[in-house]
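Trainee: my_file_22.txt is the file, holding compact mmCIF, C-alpha atoms and all ligand atoms:
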```
# COMPACT_ATOMS: atom_id res chain seq x y z
CA LEU A 8 1.74 -17.89 33.31
CA ALA A 9 3.16 -20.80 35.31
CA SER A 10 3.20 -18.75 38.51
CA LEU A 11 0.92 -19.36 41.48
CA GLU A 12 0.53 -15.58 41.64
CA VAL A 13 -1.16 -15.66 38.24
CA GLN A 14 -3.19 -18.81 38.95
CA PRO A 15 -3.48 -19.46 42.72
CA PHE A 16 -4.93 -22.98 42.37
CA PRO A 17 -3.39 -26.22 41.06
CA THR A 18 -3.72 -27.22 37.42
CA VAL A 19 -5.25 -30.69 37.06
CA LEU A 20 -4.72 -32.65 33.84
CA GLU A 21 -7.33 -35.27 33.05
CA PHE A 22 -6.84 -38.36 30.95
CA PRO A 23 -9.46 -41.06 30.34
CA THR A 24 -7.64 -43.30 32.84
CA GLY A 25 -6.73 -40.83 35.58
CA LYS A 26 -5.80 -37.33 36.69
CA THR A 27 -2.67 -35.56 37.85
CA GLY A 28 -2.44 -32.56 40.16
CA ASP A 29 -4.29 -31.39 43.30
CA GLY A 30 -3.96 -34.68 45.16
CA HIS A 31 -4.29 -36.93 42.10
CA VAL A 32 -1.22 -39.05 41.33
CA LEU A 33 -0.70 -40.65 37.93
CA VAL A 34 1.92 -43.20 36.89
CA ALA A 35 3.12 -43.44 33.28
CA ALA A 36 5.20 -46.52 32.54
CA GLY A 37 6.61 -48.55 29.69
CA PRO A 38 9.83 -49.22 27.85
CA CYS A 39 12.48 -46.62 27.15
CA GLY A 40 12.12 -47.33 23.45
CA VAL A 41 9.53 -49.05 21.27
CA GLU A 42 11.54 -51.97 19.88
CA SER A 43 8.86 -54.30 18.53
CA ARG A 44 5.13 -54.85 18.54
CA GLU A 45 5.44 -57.82 20.87
CA GLN A 46 7.70 -56.00 23.38
CA THR A 47 5.49 -52.91 23.53
CA LEU A 48 2.15 -54.75 23.72
CA LYS A 49 3.51 -57.00 26.48
CA ALA A 50 4.70 -54.01 28.48
CA ALA A 51 1.44 -52.12 27.89
CA ARG A 52 -0.62 -55.06 29.18
CA TYR A 53 1.34 -55.54 32.37
CA VAL A 54 1.79 -51.86 33.25
CA LYS A 55 -1.99 -51.52 32.98
CA ALA A 56 -2.58 -54.65 35.05
CA HIS A 57 -0.35 -53.25 37.80
CA GLY A 58 -2.08 -49.87 37.88
CA ALA A 59 -0.31 -47.49 35.49
CA ALA A 60 -2.64 -44.98 33.83
CA MET A 61 -0.42 -44.07 30.88
CA LEU A 62 1.95 -45.89 28.54
CA ARG A 63 5.37 -44.43 27.75
CA GLY A 64 7.72 -45.48 24.96
CA GLY A 65 10.06 -43.66 22.60
CA ALA A 66 9.56 -44.05 18.85
CA PHE A 67 12.20 -41.40 18.12
CA LYS A 68 15.15 -41.79 20.50
CA PRO A 69 17.56 -38.88 21.20
CA ARG A 70 20.70 -40.98 21.64
CA THR A 71 24.02 -39.59 22.80
CA SER A 72 25.73 -41.59 20.06
CA PRO A 73 24.53 -41.34 16.46
CA TYR A 74 25.48 -45.00 16.06
CA ALA A 75 23.11 -46.20 18.82
CA PHE A 76 19.50 -47.40 18.24
CA GLN A 77 17.52 -44.36 17.12
CA GLY A 78 14.03 -45.82 17.50
CA LEU A 79 11.55 -47.28 15.02
CA GLY A 80 10.14 -43.90 13.99
CA VAL A 81 6.66 -43.93 12.43
CA GLU A 82 6.44 -47.71 12.82
CA GLY A 83 6.97 -47.16 16.56
CA LEU A 84 4.17 -44.59 16.66
CA LYS A 85 1.84 -47.12 15.02
CA ILE A 86 2.76 -49.77 17.57
CA LEU A 87 2.01 -47.32 20.40
CA ALA A 88 -1.37 -46.53 18.85
CA GLU A 89 -2.14 -50.23 18.67
CA ALA A 90 -1.17 -50.65 22.33
CA ARG A 91 -3.50 -47.79 23.26
CA LYS A 92 -6.32 -49.35 21.27
CA GLU A 93 -5.90 -52.67 23.03
CA THR A 94 -5.37 -51.44 26.60
CA GLY A 95 -7.12 -48.06 26.64
CA LEU A 96 -3.98 -46.48 28.07
CA PRO A 97 -3.17 -43.00 26.74
CA VAL A 98 0.30 -42.81 25.23
CA VAL A 99 3.17 -40.39 25.84
CA THR A 100 6.09 -40.34 23.43
CA GLU A 101 8.97 -38.02 22.67
CA VAL A 102 9.05 -35.52 19.84
CA LEU A 103 12.48 -34.37 18.69
CA SER A 104 11.90 -31.51 16.28
CA PRO A 105 9.29 -28.86 15.40
CA GLU A 106 8.73 -30.54 11.99
CA GLN A 107 7.81 -33.80 13.77
CA VAL A 108 5.17 -32.35 16.09
CA GLU A 109 2.22 -32.78 13.73
CA LEU A 110 3.10 -36.40 12.97
CA VAL A 111 3.71 -37.40 16.60
CA ALA A 112 0.57 -35.56 17.75
CA GLU A 113 -1.51 -37.71 15.36
CA TYR A 114 -0.59 -40.82 17.36
CA ALA A 115 0.18 -39.60 20.90
CA ASP A 116 -2.04 -38.40 23.74
CA ALA A 117 0.80 -36.42 25.29
CA LEU A 118 4.07 -35.13 23.83
CA GLN A 119 7.34 -35.64 25.69
CA ILE A 120 10.11 -33.05 25.45
CA GLY A 121 13.37 -34.71 26.43
CA ALA A 122 16.03 -33.29 28.72
CA ARG A 123 18.29 -32.68 25.73
CA ASN A 124 15.64 -30.53 24.06
CA ALA A 125 14.40 -28.68 27.13
CA GLN A 126 15.72 -25.38 25.76
CA ASN A 127 14.93 -26.01 22.11
CA PHE A 128 12.72 -22.93 21.91
CA PRO A 129 11.23 -23.51 18.43
CA LEU A 130 10.26 -27.04 19.54
CA LEU A 131 8.68 -25.71 22.74
CA GLN A 132 6.68 -23.20 20.72
CA ALA A 133 5.58 -25.92 18.29
CA VAL A 134 4.27 -28.19 21.08
CA GLY A 135 2.62 -25.10 22.54
CA GLU A 136 0.72 -24.70 19.30
CA SER A 137 -0.20 -28.39 19.09
CA GLY A 138 -2.55 -28.07 22.06
CA LYS A 139 -1.59 -31.59 23.27
CA PRO A 140 -0.60 -32.17 26.90
CA VAL A 141 3.19 -31.87 27.22
CA LEU A 142 5.59 -33.69 29.55
CA LEU A 143 8.49 -31.31 29.80
CA LYS A 144 11.68 -32.88 31.16
CA ARG A 145 14.16 -30.69 33.01
CA GLY A 146 17.43 -30.27 31.17
CA MET A 147 20.32 -31.92 32.97
CA SER A 148 22.00 -28.58 33.69
CA MET A 149 19.02 -26.27 33.96
CA THR A 150 18.17 -24.20 37.02
CA LEU A 151 14.57 -24.34 38.16
CA GLU A 152 14.05 -20.78 36.94
CA GLU A 153 15.27 -21.75 33.48
CA PHE A 154 13.03 -24.83 33.62
CA LEU A 155 9.98 -22.67 34.26
CA MET A 156 11.00 -20.30 31.47
CA SER A 157 10.96 -23.28 29.11
CA ALA A 158 7.45 -24.07 30.33
CA GLU A 159 6.52 -20.44 29.59
CA TYR A 160 7.45 -20.99 25.93
CA ILE A 161 4.68 -23.61 25.78
CA LEU A 162 2.14 -21.78 27.96
CA SER A 163 2.59 -18.52 26.08
CA ARG A 164 1.45 -20.27 22.89
CA GLY A 165 -1.88 -20.96 24.56
CA ASN A 166 -1.23 -24.52 25.77
CA MET A 167 -1.76 -24.70 29.54
CA ARG A 168 -1.52 -28.51 29.78
CA VAL A 169 2.11 -28.84 30.83
CA ILE A 170 3.63 -31.33 33.29
CA LEU A 171 7.09 -30.54 34.68
CA VAL A 172 9.33 -33.60 35.07
CA GLU A 173 12.40 -33.68 37.32
CA ARG A 174 14.66 -36.38 35.82
CA GLY A 175 18.02 -35.77 37.51
CA ILE A 176 20.74 -33.21 37.00
CA ARG A 177 24.49 -33.35 36.43
CA THR A 178 26.52 -33.11 39.60
CA PHE A 179 29.99 -34.33 40.64
CA GLU A 180 28.49 -37.63 41.82
CA LYS A 181 29.17 -40.53 39.48
CA ALA A 182 27.63 -43.46 41.39
CA THR A 183 24.24 -42.67 39.92
CA ARG A 184 23.68 -41.69 36.29
CA PHE A 185 22.30 -38.27 37.31
CA THR A 186 21.43 -36.79 40.70
CA LEU A 187 17.69 -36.72 41.32
CA ASP A 188 17.01 -33.22 42.62
CA VAL A 189 14.26 -34.11 45.08
CA SER A 190 14.20 -30.52 46.30
CA ALA A 191 13.00 -29.45 42.84
CA VAL A 192 9.60 -30.90 43.77
CA PRO A 193 8.72 -28.72 46.78
CA VAL A 194 10.43 -25.68 45.26
CA LEU A 195 8.49 -25.96 41.99
CA LYS A 196 5.26 -26.65 43.87
CA SER A 197 5.74 -23.45 45.86
CA TRP A 198 6.19 -21.44 42.66
CA THR A 199 3.84 -22.99 40.12
CA HIS A 200 0.34 -24.44 39.75
CA LEU A 201 1.55 -26.95 37.12
CA PRO A 202 1.76 -30.67 38.01
CA VAL A 203 5.27 -31.82 38.92
CA TRP A 204 6.41 -35.37 38.21
CA VAL A 205 9.54 -37.35 38.93
CA ASP A 206 11.33 -39.71 36.55
CA PRO A 207 13.27 -42.03 38.89
CA SER A 208 14.70 -44.20 36.08
CA HIS A 209 17.15 -41.85 34.35
CA PRO A 210 18.80 -40.47 37.53
CA ALA A 211 19.11 -43.97 39.02
CA GLY A 212 20.71 -45.48 35.95
CA ARG A 213 20.35 -48.86 37.68
CA ARG A 214 17.08 -50.64 38.36
CA GLU A 215 17.79 -51.38 42.04
CA TRP A 216 17.67 -47.65 42.84
CA VAL A 217 14.50 -46.79 40.91
CA ILE A 218 11.96 -47.67 43.63
CA PRO A 219 13.54 -45.58 46.43
CA LEU A 220 13.86 -42.55 44.13
CA ALA A 221 10.25 -42.92 42.98
CA LEU A 222 9.02 -43.05 46.57
CA ALA A 223 11.22 -40.08 47.54
CA GLY A 224 9.68 -38.06 44.71
CA LEU A 225 6.13 -38.87 45.81
CA ALA A 226 6.96 -38.21 49.47
CA ALA A 227 8.30 -34.80 48.42
CA GLY A 228 4.95 -34.00 46.79
CA ALA A 229 5.19 -35.15 43.17
CA ASP A 230 1.91 -35.47 41.25
CA GLY A 231 3.11 -38.36 39.12
CA LEU A 232 5.88 -40.65 37.99
CA ILE A 233 7.25 -41.73 34.62
CA VAL A 234 9.03 -45.05 34.94
CA GLU A 235 10.87 -47.31 32.50
CA THR A 236 10.03 -51.02 32.44
CA HIS A 237 10.72 -53.65 29.79
CA PRO A 238 9.58 -57.29 29.45
CA GLU A 239 13.24 -58.31 29.02
CA PRO A 240 15.33 -55.39 30.28
CA GLU A 241 18.67 -57.17 29.78
CA LYS A 242 17.92 -57.23 26.04
CA ALA A 243 16.75 -53.61 25.80
CA LEU A 244 18.24 -51.55 22.96
CA SER A 245 18.48 -48.46 25.20
CA ASP A 246 18.74 -47.87 28.96
CA ALA A 247 18.96 -51.60 29.67
CA ALA A 248 20.43 -51.23 33.17
CA GLN A 249 17.68 -49.03 34.56
CA GLN A 250 14.50 -50.60 33.17
CA LEU A 251 12.45 -52.57 35.71
CA HIS A 252 11.46 -56.19 35.26
CA GLU A 253 7.73 -56.77 35.46
CA HIS A 254 7.94 -58.10 39.03
CA GLU A 255 9.91 -55.05 40.12
CA PHE A 256 7.35 -52.77 38.50
CA ALA A 257 4.57 -54.64 40.34
CA ASP A 258 6.48 -54.13 43.60
CA LEU A 259 6.90 -50.42 42.82
CA MET A 260 3.18 -50.00 42.20
CA GLU A 261 2.27 -51.76 45.45
CA ARG A 262 4.52 -49.40 47.40
CA VAL A 263 3.25 -46.40 45.45
CA ARG A 264 -0.33 -47.35 46.33
CA ARG A 265 0.52 -47.53 50.04
CA LEU A 266 2.41 -44.24 50.03
CA VAL A 267 -0.24 -42.38 48.04
CA GLU A 268 -2.85 -43.58 50.51
CA ALA A 269 -0.70 -42.51 53.49
CA LEU A 270 -0.34 -39.06 51.92
CA GLY A 271 -4.13 -38.75 51.66
CA LYS A 272 -3.96 -38.62 47.86
CA THR A 273 -5.54 -40.77 45.16
CA LEU A 274 -3.87 -42.92 42.49
C1 LIG B 301 13.55 -41.06 28.03
O1 LIG B 301 12.53 -40.76 28.67
O2 LIG B 301 13.78 -42.19 27.56
C2 LIG B 301 14.58 -40.01 27.88
C3 LIG B 301 15.39 -39.99 26.82
O3 LIG B 301 14.61 -39.17 28.93
P1 LIG B 301 15.49 -37.83 29.17
O4 LIG B 301 15.14 -36.90 28.07
O5 LIG B 301 15.02 -37.37 30.52
O6 LIG B 301 16.94 -38.25 29.18
MN MN B 302 15.31 -43.87 28.54
```
Would you encode the structure as structure tokens?

Mentor:
Amino acid sequence: LASLEVQPFPTVLEFPTGKTGDGHVLVAAGPCGVESREQTLKAARYVKAHGAAMLRGGAFKPRTSPYAFQGLGVEGLKILAEARKETGLPVVTEVLSPEQVELVAEYADALQIGARNAQNFPLLQAVGESGKPVLLKRGMSMTLEEFLMSAEYILSRGNMRVILVERGIRTFEKATRFTLDVSAVPVLKSWTHLPVWVDPSHPAGRREWVIPLALAGLAAGADGLIVETHPEPEKALSDAAQQLHEHEFADLMERVRRLVEALGKTL
């Protein structure tokens, strides 16, 4: 179902604030995790002011360590809904289990499947049944064929609104947190009609490398970006080193605008 042989034209996803696919580029941005009302509302206001069309933020965080901050849960979902109400930005947030899908779908405009759950087949089927747009992250050791098979689990349940997100894979390189597989973008675009996005934050692991990776993804043909930014990144409870300060996010958006224009696309 994801194949260009089945559907020979690009899928375009529409949100109240923008579109993604077929020359339309959309930027989702916000903190890694929802930590407080103040932090999330602040981030929502400035990402909107700088041109993002969607707010991201995890209420349920899939942490490597069970002792690390796990997110605010339902309280986090409520904060995201308040941020949407105030700014008009649609919200994308991660869902961790099939049992959680109904709850998260009540608050979110799009459901995020994290890299660590990219082959959780019951979860993929459950988001397929929810009918909500899905941001599907690539697992850190998945081939592109496996990635598309995960998308098929969602599509085959009747949900065609899927965005594929390249977020870096495990390689021998340790300087960056993951290796952004830029080639995934043109390869996926030659195989599938689905929008392909890049997450430059998680592969970079450090904020100074986020902007070049974001621009590389767009130059390679990505239809969107999902970027982490925090009002006070040094104090963030997760992914502190990679979240952009507001001024860095503003700089990113200025460069994105110029590149998107040069590519003959719209933001
Ligand atoms: C995130 O977006 O904060 C996240 C946990 O991403 P990933 O699943 O790609 O590691
Ligand atoms: Mn994160």

Trainee: Can you pull out the residues contacting region 30-37 of chain A? Cut-off 8 Å, using only C-alpha atoms, and skip same-chain residues under 5 positions away; I want them as a VMD selection string.

Mentor: chain A and resid 25 47 50 to 51 54 58 to 64 229 to 237 267 271 to 274

Trainee: For the interface of chain A with ligand MN 302 (chain B) (cut-off 8 Å, counting all atoms listed in the file), please tabulate each contacting residue of chain A alongside its nearest pair of atoms and their separation in Å to one decimal, rows sorted by chain and increasing number, as JSON lines.

Mentor:
```
{"residue": "A:Pro38", "atom": "CA", "partner": "B:MN302", "partner_atom": "MN", "distance": 7.7}
{"residue": "A:Cys39", "atom": "CA", "partner": "B:MN302", "partner_atom": "MN", "distance": 4.2}
{"residue": "A:Gly40", "atom": "CA", "partner": "B:MN302", "partner_atom": "MN", "distance": 6.9}
{"residue": "A:Gly65", "atom": "CA", "partner": "B:MN302", "partner_atom": "MN", "distance": 7.9}
{"residue": "A:Ser208", "atom": "CA", "partner": "B:MN302", "partner_atom": "MN", "distance": 7.6}
{"residue": "A:His209", "atom": "CA", "partner": "B:MN302", "partner_atom": "MN", "distance": 6.4}
{"residue": "A:Glu235", "atom": "CA", "partner": "B:MN302", "partner_atom": "MN", "distance": 6.9}
{"residue": "A:Ser245", "atom": "CA", "partner": "B:MN302", "partner_atom": "MN", "distance": 6.5}
{"residue": "A:Asp246", "atom": "CA", "partner": "B:MN302", "partner_atom": "MN", "distance": 5.3}
```

Trainee: What's the separation between CA of Ala117 (chain A) and CA of Val189 (chain A), in Å to one decimal place?

Mentor: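 Between CA of Ala117 (chain A) and CA of Val189 (chain A) the gap is 24.0 Å.
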
Trainee: Can you tell me how far CA of Phe256 (chain A) sits from CA of Gly224 (chain A), in Å to one decimal?

Mentor: 16.1 Å

Trainee: Can you tell me which residues surround region 126-143 of chain A at a distance of at most 7 Å, considering all atoms listed in the file, apart from same-chain residues fewer than 3 positions away, and format the answer as number ranges by chain?

Mentor: A: 104-105, 108, 116-121, 157, 160-162, 164-166, 168-172

Trainee: Which is closer to ligand LIG 301 (chain B) than all the others in A:Leu11, A:Ala247, A:Leu259, A:Val111, using all atoms listed in the file?

Mentor: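 Among the listed residues, A:Ala247 lies closest to ligand LIG 301 (chain B).
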
Trainee: Can you list, as an MDAnalysis selection string, every protein, DNA or RNA residue that comes within 10 Å of Tyr114 (chain A) when you count all atoms listed in the file, leaving out same-chain residues fewer than 5 positions away?

Mentor: chainID A and resid 81 83:89 91 97:100 109

Trainee: Record the distance separating CA of Glu261 (chain A) and CA of Ile218 (chain A), expressed in Å with one decimal.

Mentor: 10.7 Å

Trainee: Please give the centre and size of the box around ligand LIG 301 (chain B) (axis-aligned, containing every atom listed in the file, 5 Å added per side), with values in Å to one decimal and written as JSON.

Mentor:
```
{"center_x": 14.7, "center_y": -39.5, "center_z": 28.7, "size_x": 14.4, "size_y": 15.3, "size_z": 13.7}
```

Trainee: Need the shell around Ala211 (chain A): protein/DNA/RNA residues with any atom at most 12 Å away, counting all atoms listed in the file. Skip same-chain ones fewer than 6 positions apart. Format as a list in words?

Mentor: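 With the cut-off at 12 Å, the set is Arg174, Gly175, Ile176, Glu180, Lys181, Ala182, Thr183, Arg184, Phe185, Thr186, Leu187, Asp188, Val205, Val217, Ile218, Pro219, Leu220, Ala221, Val234, Glu235, Asp246, Ala248, Gln249, Gln250 and Leu251 of chain A.
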
Trainee: Given the selection you just returned, output its residues as a file containing C-alpha atoms, formatted as an mmCIF file, keeping the file's coordinate frame.

Mentor:
```
data_model
loop_
_atom_site.group_PDB
_atom_site.id
_atom_site.type_symbol
_atom_site.label_atom_id
_atom_site.label_comp_id
_atom_site.auth_asym_id
_atom_site.auth_seq_id
_atom_site.Cartn_x
_atom_site.Cartn_y
_atom_site.Cartn_z
ATOM 1 C CA ARG A 174 14.660 -36.380 35.820
ATOM 2 C CA GLY A 175 18.020 -35.770 37.510
ATOM 3 C CA ILE A 176 20.740 -33.210 37.000
ATOM 4 C CA GLU A 180 28.490 -37.630 41.820
ATOM 5 C CA LYS A 181 29.170 -40.530 39.480
ATOM 6 C CA ALA A 182 27.630 -43.460 41.390
ATOM 7 C CA THR A 183 24.240 -42.670 39.920
ATOM 8 C CA ARG A 184 23.680 -41.690 36.290
ATOM 9 C CA PHE A 185 22.300 -38.270 37.310
ATOM 10 C CA THR A 186 21.430 -36.790 40.700
ATOM 11 C CA LEU A 187 17.690 -36.720 41.320
ATOM 12 C CA ASP A 188 17.010 -33.220 42.620
ATOM 13 C CA VAL A 205 9.540 -37.350 38.930
ATOM 14 C CA VAL A 217 14.500 -46.790 40.910
ATOM 15 C CA ILE A 218 11.960 -47.670 43.630
ATOM 16 C CA PRO A 219 13.540 -45.580 46.430
ATOM 17 C CA LEU A 220 13.860 -42.550 44.130
ATOM 18 C CA ALA A 221 10.250 -42.920 42.980
ATOM 19 C CA VAL A 234 9.030 -45.050 34.940
ATOM 20 C CA GLU A 235 10.870 -47.310 32.500
ATOM 21 C CA ASP A 246 18.740 -47.870 28.960
ATOM 22 C CA ALA A 248 20.430 -51.230 33.170
ATOM 23 C CA GLN A 249 17.680 -49.030 34.560
ATOM 24 C CA GLN A 250 14.500 -50.600 33.170
ATOM 25 C CA LEU A 251 12.450 -52.570 35.710
#
```

Trainee: In terms of the shortest atom-to-atom distance over all atoms listed in the file, which of A:Pro238, A:Pro69, A:Pro15, A:Gly95 is closest to ligand LIG 301 (chain B)?

Mentor: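 Of A:Pro238, A:Pro69, A:Pro15, A:Gly95, the one nearest ligand LIG 301 (chain B) is A:Pro69, counting all atoms listed in the file.
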
Trainee: Using all atoms listed in the file, which of the listed residues (A:Leu201, A:Ala223, A:Val194, A:Ala243) sits closest to ligand LIG 301 (chain B)?

Mentor: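 Going through A:Leu201, A:Ala223, A:Val194, A:Ala243 one by one, the smallest distance to ligand LIG 301 (chain B) is for A:Ala243.
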
Trainee: Considering all atoms listed in the file, can you say which of A:Ala191, A:Leu48, A:Ala122, A:Ala257 comes closest to ligand LIG 301 (chain B)?

Mentor: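 For ligand LIG 301 (chain B), the nearest of the given residues is A:Ala122.
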
Trainee: Taking all atoms listed in the file into account, name the residue in A:His254, A:Lys144, A:Arg264, A:Arg177 that is nearest to ligand LIG 301 (chain B).

Mentor: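 For ligand LIG 301 (chain B), the nearest of the candidates is A:Lys144.
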
Trainee: Given the choices A:Thr178, A:Thr94, A:Ser190, A:Thr71, which gets closest to ligand LIG 301 (chain B) if the distance is worked out from all atoms listed in the file?

Mentor: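 Comparing A:Thr178, A:Thr94, A:Ser190, A:Thr71 against ligand LIG 301 (chain B), the winner is A:Thr71.
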